[in-house]
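Chemist: Please find run.txt (compact mmCIF, C-alpha atoms and all ligand atoms) on the next line:
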# COMPACT_ATOMS: atom_id res chain seq x y z
CA MET L 408 -44.10 -15.06 58.03
CA HIS L 409 -46.23 -18.15 57.79
CA GLN L 410 -44.83 -21.60 58.43
CA GLY L 411 -45.60 -24.97 56.89
CA LYS L 412 -46.22 -25.91 53.31
CA ARG L 413 -46.58 -23.10 50.78
CA ALA L 414 -49.61 -23.28 48.50
CA ILE L 415 -49.34 -21.63 45.10
CA LYS L 416 -52.54 -21.03 43.21
CA ILE L 417 -53.28 -22.18 39.69
CA LYS L 418 -54.90 -19.25 37.88
CA ASN L 419 -58.65 -19.47 37.30
CA SER L 420 -59.04 -22.58 39.45
CA MET L 421 -59.42 -23.64 43.07
CA GLU L 422 -56.30 -25.81 42.83
CA ASN L 423 -52.94 -25.23 44.49
CA ILE L 424 -49.53 -26.80 44.21
CA SER L 425 -46.84 -27.21 46.90
CA PRO L 426 -43.31 -27.87 45.69
CA THR L 427 -40.97 -30.34 47.36
CA LYS L 428 -38.10 -28.36 45.84
CA ILE L 429 -37.26 -25.35 43.71
CA ILE L 430 -34.52 -26.20 41.22
CA CYS L 431 -32.74 -23.20 39.72
CA LEU L 432 -30.43 -22.60 36.80
CA GLY L 433 -27.51 -20.22 37.06
CA ARG L 434 -26.16 -18.28 34.07
CA ASN L 435 -28.76 -19.46 31.55
CA TYR L 436 -28.73 -16.15 29.64
CA ARG L 437 -25.47 -15.19 27.96
CA ARG L 438 -25.65 -11.46 28.72
CA HIS L 439 -26.38 -12.09 32.40
CA ALA L 440 -23.38 -14.45 32.70
CA GLU L 441 -21.27 -11.74 31.10
CA GLU L 442 -22.56 -8.88 33.28
CA LEU L 443 -21.32 -10.68 36.40
CA GLY L 444 -18.01 -11.51 34.72
CA ASN L 445 -18.74 -15.23 34.45
CA VAL L 446 -18.09 -17.62 31.58
CA VAL L 447 -21.07 -19.02 29.70
CA PRO L 448 -21.51 -22.62 30.95
CA ASP L 449 -21.30 -25.63 28.63
CA LYS L 450 -23.77 -27.54 30.80
CA PRO L 451 -26.45 -26.24 33.18
CA ILE L 452 -25.44 -24.86 36.58
CA ILE L 453 -27.98 -26.16 39.08
CA PHE L 454 -28.81 -25.15 42.65
CA LEU L 455 -31.81 -25.44 44.95
CA LYS L 456 -33.87 -22.96 46.89
CA PRO L 457 -35.79 -24.35 49.86
CA PRO L 458 -39.63 -24.30 49.70
CA SER L 459 -39.51 -22.16 52.87
CA SER L 460 -38.23 -19.28 50.69
CA LEU L 461 -41.52 -19.08 48.77
CA ILE L 462 -43.92 -16.17 49.12
CA VAL L 463 -46.98 -15.18 47.13
CA GLU L 464 -48.42 -11.77 46.25
CA GLY L 465 -49.40 -9.79 49.31
CA GLU L 466 -46.34 -10.96 51.25
CA LYS L 467 -43.14 -8.89 51.50
CA ILE L 468 -39.56 -9.65 50.55
CA ILE L 469 -37.62 -9.27 53.79
CA LEU L 470 -34.01 -8.07 53.61
CA PRO L 471 -31.84 -10.19 55.91
CA SER L 472 -29.40 -8.52 58.32
CA GLN L 473 -26.53 -10.70 57.00
CA SER L 474 -26.51 -9.04 53.54
CA GLN L 475 -25.83 -5.49 52.32
CA ASP L 476 -26.45 -6.32 48.64
CA VAL L 477 -29.72 -8.12 47.83
CA HIS L 478 -30.50 -8.38 44.10
CA HIS L 479 -33.61 -9.03 42.02
CA GLU L 480 -33.61 -11.69 39.27
CA VAL L 481 -36.78 -12.32 37.24
CA GLU L 482 -37.18 -15.84 35.88
CA LEU L 483 -39.63 -18.08 34.05
CA GLY L 484 -40.73 -20.85 36.43
CA VAL L 485 -41.64 -24.25 35.00
CA VAL L 486 -44.06 -26.15 37.24
CA ILE L 487 -44.04 -29.94 37.15
CA GLY L 488 -47.45 -31.63 37.00
CA LYS L 489 -46.51 -35.28 36.62
CA ALA L 490 -43.59 -36.82 38.52
CA GLY L 491 -40.79 -38.42 36.60
CA ARG L 492 -37.15 -39.35 36.46
CA ARG L 493 -34.91 -39.66 33.42
CA ILE L 494 -37.44 -37.75 31.33
CA PRO L 495 -36.25 -37.48 27.72
CA ARG L 496 -36.54 -33.92 26.36
CA ALA L 497 -39.12 -35.02 23.78
CA LYS L 498 -41.42 -36.08 26.63
CA ALA L 499 -40.76 -33.12 28.92
CA GLU L 500 -43.90 -31.24 27.95
CA GLY L 501 -46.13 -34.06 29.23
CA HIS L 502 -44.63 -33.56 32.71
CA ILE L 503 -45.24 -29.81 32.81
CA LEU L 504 -48.35 -28.46 34.52
CA GLY L 505 -47.71 -24.83 33.73
CA TYR L 506 -45.59 -21.75 34.14
CA CYS L 507 -45.14 -18.91 36.63
CA ILE L 508 -42.98 -15.90 37.35
CA LEU L 509 -40.35 -16.60 40.00
CA LEU L 510 -38.06 -13.95 41.47
CA ASP L 511 -34.74 -15.55 42.37
CA ILE L 512 -33.87 -13.04 45.08
CA THR L 513 -30.15 -13.29 45.80
CA ALA L 514 -27.82 -11.95 48.49
CA ARG L 515 -25.07 -11.11 45.98
CA ASP L 516 -22.40 -10.36 48.59
CA ILE L 517 -22.97 -13.73 50.28
CA GLN L 518 -23.02 -15.48 46.90
CA LYS L 519 -19.67 -13.92 45.97
CA GLU L 520 -18.22 -15.05 49.31
CA GLU L 521 -19.61 -18.58 48.81
CA THR L 522 -18.19 -18.70 45.26
CA ARG L 523 -14.79 -17.56 46.54
CA ARG L 524 -14.81 -20.32 49.16
CA GLY L 525 -15.97 -22.95 46.65
CA ALA L 526 -19.14 -23.31 48.75
CA PRO L 527 -22.67 -23.86 47.35
CA TRP L 528 -25.00 -20.87 46.95
CA ILE L 529 -27.60 -22.18 49.39
CA LEU L 530 -27.38 -19.40 51.98
CA ALA L 531 -27.26 -16.57 49.40
CA LYS L 532 -30.33 -17.96 47.66
CA GLY L 533 -32.26 -19.61 50.46
CA PHE L 534 -33.41 -16.90 52.88
CA ASP L 535 -37.09 -16.82 53.81
CA THR L 536 -39.05 -14.70 51.26
CA PHE L 537 -36.31 -15.07 48.58
CA ALA L 538 -38.62 -16.91 46.13
CA PRO L 539 -41.64 -14.72 45.37
CA VAL L 540 -43.92 -16.40 42.82
CA SER L 541 -46.95 -15.54 40.73
CA GLN L 542 -49.98 -17.72 40.18
CA ILE L 543 -49.47 -20.59 37.75
CA VAL L 544 -50.77 -20.45 34.20
CA ARG L 545 -51.54 -23.85 32.70
CA ARG L 546 -49.32 -25.14 29.90
CA GLU L 547 -52.27 -25.28 27.51
CA GLU L 548 -52.69 -21.51 27.85
CA LEU L 549 -49.11 -20.66 26.91
CA ALA L 550 -48.28 -21.69 23.36
CA HIS L 551 -44.62 -20.65 23.14
CA PRO L 552 -42.89 -20.57 26.55
CA GLU L 553 -39.54 -20.12 24.83
CA GLY L 554 -40.54 -16.84 23.19
CA LEU L 555 -41.98 -14.66 25.93
CA ALA L 556 -41.12 -11.09 26.85
CA ILE L 557 -39.75 -11.05 30.41
CA ARG L 558 -39.45 -7.78 32.33
CA LEU L 559 -38.82 -6.36 35.76
CA TRP L 560 -39.21 -2.86 37.17
CA VAL L 561 -38.08 -1.37 40.48
CA ASN L 562 -40.25 1.59 41.56
CA GLY L 563 -41.49 1.82 37.98
CA GLU L 564 -38.02 1.98 36.44
CA THR L 565 -37.13 -0.75 33.94
CA ARG L 566 -34.27 -2.95 35.17
CA GLN L 567 -34.66 -6.17 33.17
CA ASP L 568 -36.17 -6.43 29.68
CA SER L 569 -35.48 -9.53 27.62
CA ASN L 570 -37.13 -12.59 26.09
CA THR L 571 -37.11 -16.25 27.11
CA ARG L 572 -35.83 -17.13 23.65
CA PHE L 573 -32.39 -16.04 24.84
CA MET L 574 -32.16 -18.94 27.32
CA ILE L 575 -29.02 -20.98 26.62
CA PHE L 576 -30.57 -24.31 27.69
CA GLY L 577 -34.18 -24.82 26.60
CA ILE L 578 -36.99 -26.16 28.75
CA GLY L 579 -36.92 -29.74 27.39
CA GLU L 580 -33.17 -29.94 27.79
CA ILE L 581 -33.38 -28.60 31.36
CA VAL L 582 -36.07 -31.10 32.38
CA GLU L 583 -34.05 -33.94 30.84
CA TYR L 584 -30.85 -32.82 32.56
CA ILE L 585 -32.28 -32.29 36.07
CA SER L 586 -34.39 -35.47 36.00
CA SER L 587 -31.33 -37.50 35.06
CA TYR L 588 -30.03 -36.64 38.55
CA MET L 589 -33.16 -36.34 40.72
CA THR L 590 -36.85 -37.22 40.51
CA LEU L 591 -39.02 -34.28 39.62
CA GLU L 592 -42.14 -34.40 41.80
CA ALA L 593 -45.54 -32.91 41.01
CA GLY L 594 -45.51 -29.30 42.19
CA ASP L 595 -41.76 -28.82 41.88
CA ILE L 596 -40.70 -25.54 40.27
CA ILE L 597 -37.74 -25.09 37.95
CA ALA L 598 -36.45 -21.50 37.77
CA THR L 599 -34.86 -21.20 34.34
CA GLY L 600 -32.37 -18.41 34.97
CA THR L 601 -32.41 -14.63 34.72
CA PRO L 602 -31.62 -12.28 31.86
CA GLU L 603 -29.26 -9.32 32.23
CA GLY L 604 -30.06 -6.25 34.29
CA VAL L 605 -29.92 -7.67 37.82
CA GLY L 606 -29.31 -5.14 40.55
CA PRO L 607 -29.86 -4.19 44.18
CA VAL L 608 -33.14 -3.59 45.97
CA ARG L 609 -33.68 -1.54 49.11
CA LYS L 610 -36.24 -1.41 51.88
CA GLY L 611 -39.40 0.26 50.62
CA ASP L 612 -38.80 -0.62 46.95
CA VAL L 613 -41.64 -2.03 44.90
CA ILE L 614 -40.69 -4.76 42.42
CA THR L 615 -43.00 -5.44 39.51
CA ALA L 616 -42.34 -8.30 37.11
CA GLU L 617 -44.13 -9.45 34.00
CA ILE L 618 -43.88 -12.41 31.67
CA GLU L 619 -45.94 -12.31 28.50
CA GLY L 620 -48.92 -14.67 28.78
CA ILE L 621 -48.49 -15.19 32.52
CA GLY L 622 -49.24 -11.69 33.79
CA LYS L 623 -47.77 -9.29 36.28
CA VAL L 624 -46.76 -9.57 39.92
CA ARG L 625 -45.89 -6.92 42.49
CA PHE L 626 -43.82 -7.37 45.63
CA GLU L 627 -42.76 -4.86 48.23
CA VAL L 628 -39.37 -5.01 49.87
CA GLY L 629 -39.80 -4.76 53.64
MG MG U 1 -31.25 -16.78 39.15
Can you give me the file's structure in the form of C-alpha cells?
Ligand code: MG
Modeler:
Amino acid sequence: MHQGKRAIKIKNSMENISPTKIICLGRNYRRHAEELGNVVPDKPIIFLKPPSSLIVEGEKIILPSQSQDVHHEVELGVVIGKAGRRIPRAKAEGHILGYCILLDITARDIQKEETRRGAPWILAKGFDTFAPVSQIVRREELAHPEGLAIRLWVNGETRQDSNTRFMIFGIGEIVEYISSYMTLEAGDIIATGTPEGVGPVRKGDVITAEIEGIGKVRFEVG
C-alpha cells in the first residue's frame, strides 16, 4: 500500500489529478434503493470517502478483517477540473474535467450497523483500497454522460448491468447541490451512485467494470 497523495491519470496524456475529497451519492438509482429495502430519496444522500481509499489498476482491493460482507458497487465518477462553490446546474459542465469509473467498495455489514446506530457511513466506505478508479476520460470525449451503459462482472459473471440514464439526480443537479454546501476543488471526484445488482466479493475474485466511452477496468480482490 503506498502512502501520500494518489495520482490518477488522464487518459492519453501525461497529466494526473489528485482529489482533496471523494463525494459520493447514496441511492441514486431507484432499483438499487429498492434492492436494499430503502426508500427512494427526495434529495441526494451524500457521504465522503477519504482520498486514502483510492487505488488504480494494478493495485488490489484488500478485504479488511473487520468485515465479513464486502460489496462491489460500480459508479460513474465525475472529476472536477475547475474549482467552484454555489455552481448553478447550467454552469456545472464548465467545472467538469472528465469522467471515470469508480468502484464504491462497501463493507455492507458495517454500513448496516452504522445505519442502525444513526452513525455516518465513513468506516464502511472508507477503508484503504475501497475506491478503485479508472483513468479519466476528458469531458470533450464523452458526449452523453447521462446515457452510458454501466456494467460490472465478478469472475466473468455479470452482476450489474444498467445505464446512467437511470440516475435519479442528474450530474448538473448533483454538482449544484454539493457545491451549495462545500467548495468543489480541482481533482475532486463525485461518485454518482450505483445501479442494482450489488453483492459480495471474496478473496481471489476478479472484478471487471465497464462504462461506455470510458473503457474497462480490472481489479483483483486480495
Ligand atoms: Mg455507492
Chemist: Quick one: of L:Ala497, L:Val486, L:Ile618, L:Val605, who's nearest to ligand MG 1 (chain U), counting only C-alpha atoms and all ligand atoms?
Modeler: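 Smallest distance to ligand MG 1 (chain U) is found for L:Val605.
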Chemist: So, counting all atoms listed in the file, which residue among L:Ile494, L:Ala598, L:Val624, L:Ile468 is closest to ligand MG 1 (chain U)?
Modeler: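 Checking each of L:Ile494, L:Ala598, L:Val624, L:Ile468 against ligand MG 1 (chain U), counting all atoms listed in the file, the winner is L:Ala598.
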Chemist: Might you pull out every residue within 9 Å of Arg566 of chain L, with all atoms listed in the file counted and same-chain residues fewer than 4 positions away left off, and present them as number ranges by chain?
Modeler: L: 558-561, 603-606
Chemist: Neighbouring residues of ligand MG 1 (chain U) are defined here as those with any atom at most 7 Å from a ligand atom, counting all atoms listed in the file; list them as a PyMOL selection string.
Modeler: chain L and resi 431-433+480+482+511+600-601
Chemist: Mind pulling up the distance from atom CA of Gln475 of chain L to atom CA of Asn570 of chain L?
Modeler: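 These two atoms are separated by 29.4 Å.
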Chemist: Compile the contact shell of segment 444-448 of chain L as a ChimeraX atom specification: residues with an atom at most 10 Å away, counting only C-alpha atoms, same-chain residues fewer than 6 positions apart removed.
Modeler: /L:433-438,575-576
Chemist: Write a file of the selected residues as a short mmCIF file (atom, residue, chain, number, x, y, z; two decimals), keeping the file's coordinate frame, keeping C-alpha atoms.
Modeler:
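The resulting file, out-v7.cif, is shown below:
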data_model
loop_
_atom_site.label_atom_id
_atom_site.label_comp_id
_atom_site.auth_asym_id
_atom_site.auth_seq_id
_atom_site.Cartn_x
_atom_site.Cartn_y
_atom_site.Cartn_z
CA GLY L 433 -27.51 -20.22 37.06
CA ARG L 434 -26.16 -18.28 34.07
CA ASN L 435 -28.76 -19.46 31.55
CA TYR L 436 -28.73 -16.15 29.64
CA ARG L 437 -25.47 -15.19 27.96
CA ARG L 438 -25.65 -11.46 28.72
CA ILE L 575 -29.02 -20.98 26.62
CA PHE L 576 -30.57 -24.31 27.69
#
Chemist: From the options L:Val544, L:Met574, L:Ala514, L:Leu555, which residue's atoms come nearest to Asn423 of chain L, counting all atoms listed in the file?
Modeler: L:Val544
Chemist: Can you measure atom CA of His502 of chain L to atom CA of Glu580 of chain L for me? One decimal in Å is fine.
Modeler: 13.0 Å
Chemist: Grab the atom CA of Ala538 of chain L to atom CA of Ser460 of chain L distance for me, in Å with one decimal place.
Modeler: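 Here the two named atoms are 5.2 Å from each other.
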Chemist: Output as a PDB file, keeping the file's coordinate frame: segment 531-542 of chain L, completed with all heavy atoms.
Modeler:
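So out_22.pdb came out as:
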ATOM      1  N   ALA L 531     -26.986 -17.788  50.171  1.00  0.00           N
ATOM      2  CA  ALA L 531     -27.260 -16.570  49.400  1.00  0.00           C
ATOM      3  C   ALA L 531     -28.635 -16.598  48.745  1.00  0.00           C
ATOM      4  O   ALA L 531     -29.268 -15.565  48.539  1.00  0.00           O
ATOM      5  CB  ALA L 531     -26.192 -16.393  48.322  1.00  0.00           C
ATOM      6  N   LYS L 532     -29.101 -17.787  48.440  1.00  0.00           N
ATOM      7  CA  LYS L 532     -30.330 -17.960  47.660  1.00  0.00           C
ATOM      8  C   LYS L 532     -31.519 -18.414  48.507  1.00  0.00           C
ATOM      9  O   LYS L 532     -32.645 -18.402  48.020  1.00  0.00           O
ATOM     10  CB  LYS L 532     -30.099 -19.036  46.582  1.00  0.00           C
ATOM     11  CG  LYS L 532     -29.005 -18.703  45.561  1.00  0.00           C
ATOM     12  CD  LYS L 532     -29.498 -17.683  44.557  1.00  0.00           C
ATOM     13  CE  LYS L 532     -28.564 -17.563  43.366  1.00  0.00           C
ATOM     14  NZ  LYS L 532     -29.115 -16.664  42.334  1.00  0.00           N
ATOM     15  N   GLY L 533     -31.241 -18.859  49.744  1.00  0.00           N
ATOM     16  CA  GLY L 533     -32.260 -19.610  50.460  1.00  0.00           C
ATOM     17  C   GLY L 533     -32.962 -18.918  51.616  1.00  0.00           C
ATOM     18  O   GLY L 533     -33.751 -19.542  52.330  1.00  0.00           O
ATOM     19  N   PHE L 534     -32.726 -17.615  51.795  1.00  0.00           N
ATOM     20  CA  PHE L 534     -33.410 -16.900  52.880  1.00  0.00           C
ATOM     21  C   PHE L 534     -34.931 -17.001  52.722  1.00  0.00           C
ATOM     22  O   PHE L 534     -35.446 -17.096  51.595  1.00  0.00           O
ATOM     23  CB  PHE L 534     -33.039 -15.413  52.860  1.00  0.00           C
ATOM     24  CG  PHE L 534     -31.673 -15.093  53.413  1.00  0.00           C
ATOM     25  CD1 PHE L 534     -30.605 -14.820  52.564  1.00  0.00           C
ATOM     26  CD2 PHE L 534     -31.452 -15.055  54.790  1.00  0.00           C
ATOM     27  CE1 PHE L 534     -29.353 -14.503  53.078  1.00  0.00           C
ATOM     28  CE2 PHE L 534     -30.202 -14.732  55.310  1.00  0.00           C
ATOM     29  CZ  PHE L 534     -29.148 -14.460  54.451  1.00  0.00           C
ATOM     30  N   ASP L 535     -35.632 -16.938  53.837  1.00  0.00           N
ATOM     31  CA  ASP L 535     -37.090 -16.820  53.810  1.00  0.00           C
ATOM     32  C   ASP L 535     -37.453 -15.621  52.926  1.00  0.00           C
ATOM     33  O   ASP L 535     -36.772 -14.586  52.977  1.00  0.00           O
ATOM     34  CB  ASP L 535     -37.646 -16.569  55.218  1.00  0.00           C
ATOM     35  CG  ASP L 535     -37.560 -17.804  56.121  1.00  0.00           C
ATOM     36  OD1 ASP L 535     -37.101 -18.863  55.662  1.00  0.00           O
ATOM     37  OD2 ASP L 535     -37.943 -17.660  57.300  1.00  0.00           O
ATOM     38  N   THR L 536     -38.478 -15.738  52.161  1.00  0.00           N
ATOM     39  CA  THR L 536     -39.050 -14.700  51.260  1.00  0.00           C
ATOM     40  C   THR L 536     -38.223 -14.492  49.991  1.00  0.00           C
ATOM     41  O   THR L 536     -38.545 -13.592  49.211  1.00  0.00           O
ATOM     42  CB  THR L 536     -39.254 -13.324  51.942  1.00  0.00           C
ATOM     43  OG1 THR L 536     -37.989 -12.633  52.061  1.00  0.00           O
ATOM     44  CG2 THR L 536     -39.916 -13.451  53.302  1.00  0.00           C
ATOM     45  N   PHE L 537     -37.180 -15.293  49.744  1.00  0.00           N
ATOM     46  CA  PHE L 537     -36.310 -15.070  48.580  1.00  0.00           C
ATOM     47  C   PHE L 537     -36.810 -15.779  47.313  1.00  0.00           C
ATOM     48  O   PHE L 537     -36.099 -15.815  46.309  1.00  0.00           O
ATOM     49  CB  PHE L 537     -34.867 -15.488  48.897  1.00  0.00           C
ATOM     50  CG  PHE L 537     -34.016 -14.380  49.457  1.00  0.00           C
ATOM     51  CD1 PHE L 537     -34.578 -13.336  50.178  1.00  0.00           C
ATOM     52  CD2 PHE L 537     -32.630 -14.368  49.275  1.00  0.00           C
ATOM     53  CE1 PHE L 537     -33.791 -12.307  50.698  1.00  0.00           C
ATOM     54  CE2 PHE L 537     -31.836 -13.337  49.775  1.00  0.00           C
ATOM     55  CZ  PHE L 537     -32.412 -12.307  50.488  1.00  0.00           C
ATOM     56  N   ALA L 538     -38.043 -16.321  47.354  1.00  0.00           N
ATOM     57  CA  ALA L 538     -38.620 -16.910  46.130  1.00  0.00           C
ATOM     58  C   ALA L 538     -40.072 -16.474  45.951  1.00  0.00           C
ATOM     59  O   ALA L 538     -40.995 -17.277  46.052  1.00  0.00           O
ATOM     60  CB  ALA L 538     -38.508 -18.425  46.157  1.00  0.00           C
ATOM     61  N   PRO L 539     -40.265 -15.173  45.655  1.00  0.00           N
ATOM     62  CA  PRO L 539     -41.640 -14.720  45.370  1.00  0.00           C
ATOM     63  C   PRO L 539     -42.130 -15.328  44.048  1.00  0.00           C
ATOM     64  O   PRO L 539     -41.388 -15.353  43.071  1.00  0.00           O
ATOM     65  CB  PRO L 539     -41.495 -13.198  45.223  1.00  0.00           C
ATOM     66  CG  PRO L 539     -40.155 -12.859  45.813  1.00  0.00           C
ATOM     67  CD  PRO L 539     -39.303 -14.074  45.608  1.00  0.00           C
ATOM     68  N   VAL L 540     -43.369 -15.809  44.043  1.00  0.00           N
ATOM     69  CA  VAL L 540     -43.920 -16.400  42.820  1.00  0.00           C
ATOM     70  C   VAL L 540     -45.295 -15.831  42.485  1.00  0.00           C
ATOM     71  O   VAL L 540     -46.030 -15.380  43.363  1.00  0.00           O
ATOM     72  CB  VAL L 540     -44.067 -17.946  42.904  1.00  0.00           C
ATOM     73  CG1 VAL L 540     -42.725 -18.630  42.794  1.00  0.00           C
ATOM     74  CG2 VAL L 540     -44.810 -18.370  44.154  1.00  0.00           C
ATOM     75  N   SER L 541     -45.620 -15.912  41.209  1.00  0.00           N
ATOM     76  CA  SER L 541     -46.950 -15.540  40.730  1.00  0.00           C
ATOM     77  C   SER L 541     -47.858 -16.762  40.788  1.00  0.00           C
ATOM     78  O   SER L 541     -47.410 -17.863  41.122  1.00  0.00           O
ATOM     79  CB  SER L 541     -46.859 -15.074  39.272  1.00  0.00           C
ATOM     80  OG  SER L 541     -46.577 -16.180  38.415  1.00  0.00           O
ATOM     81  N   GLN L 542     -49.098 -16.571  40.418  1.00  0.00           N
ATOM     82  CA  GLN L 542     -49.980 -17.720  40.180  1.00  0.00           C
ATOM     83  C   GLN L 542     -49.439 -18.489  38.978  1.00  0.00           C
ATOM     84  O   GLN L 542     -48.642 -17.975  38.190  1.00  0.00           O
ATOM     85  CB  GLN L 542     -51.392 -17.225  39.878  1.00  0.00           C
ATOM     86  CG  GLN L 542     -52.052 -16.583  41.085  1.00  0.00           C
ATOM     87  CD  GLN L 542     -53.530 -16.302  40.860  1.00  0.00           C
ATOM     88  OE1 GLN L 542     -54.060 -16.521  39.779  1.00  0.00           O
ATOM     89  NE2 GLN L 542     -54.190 -15.819  41.894  1.00  0.00           N
TER      90      GLN L 542
END
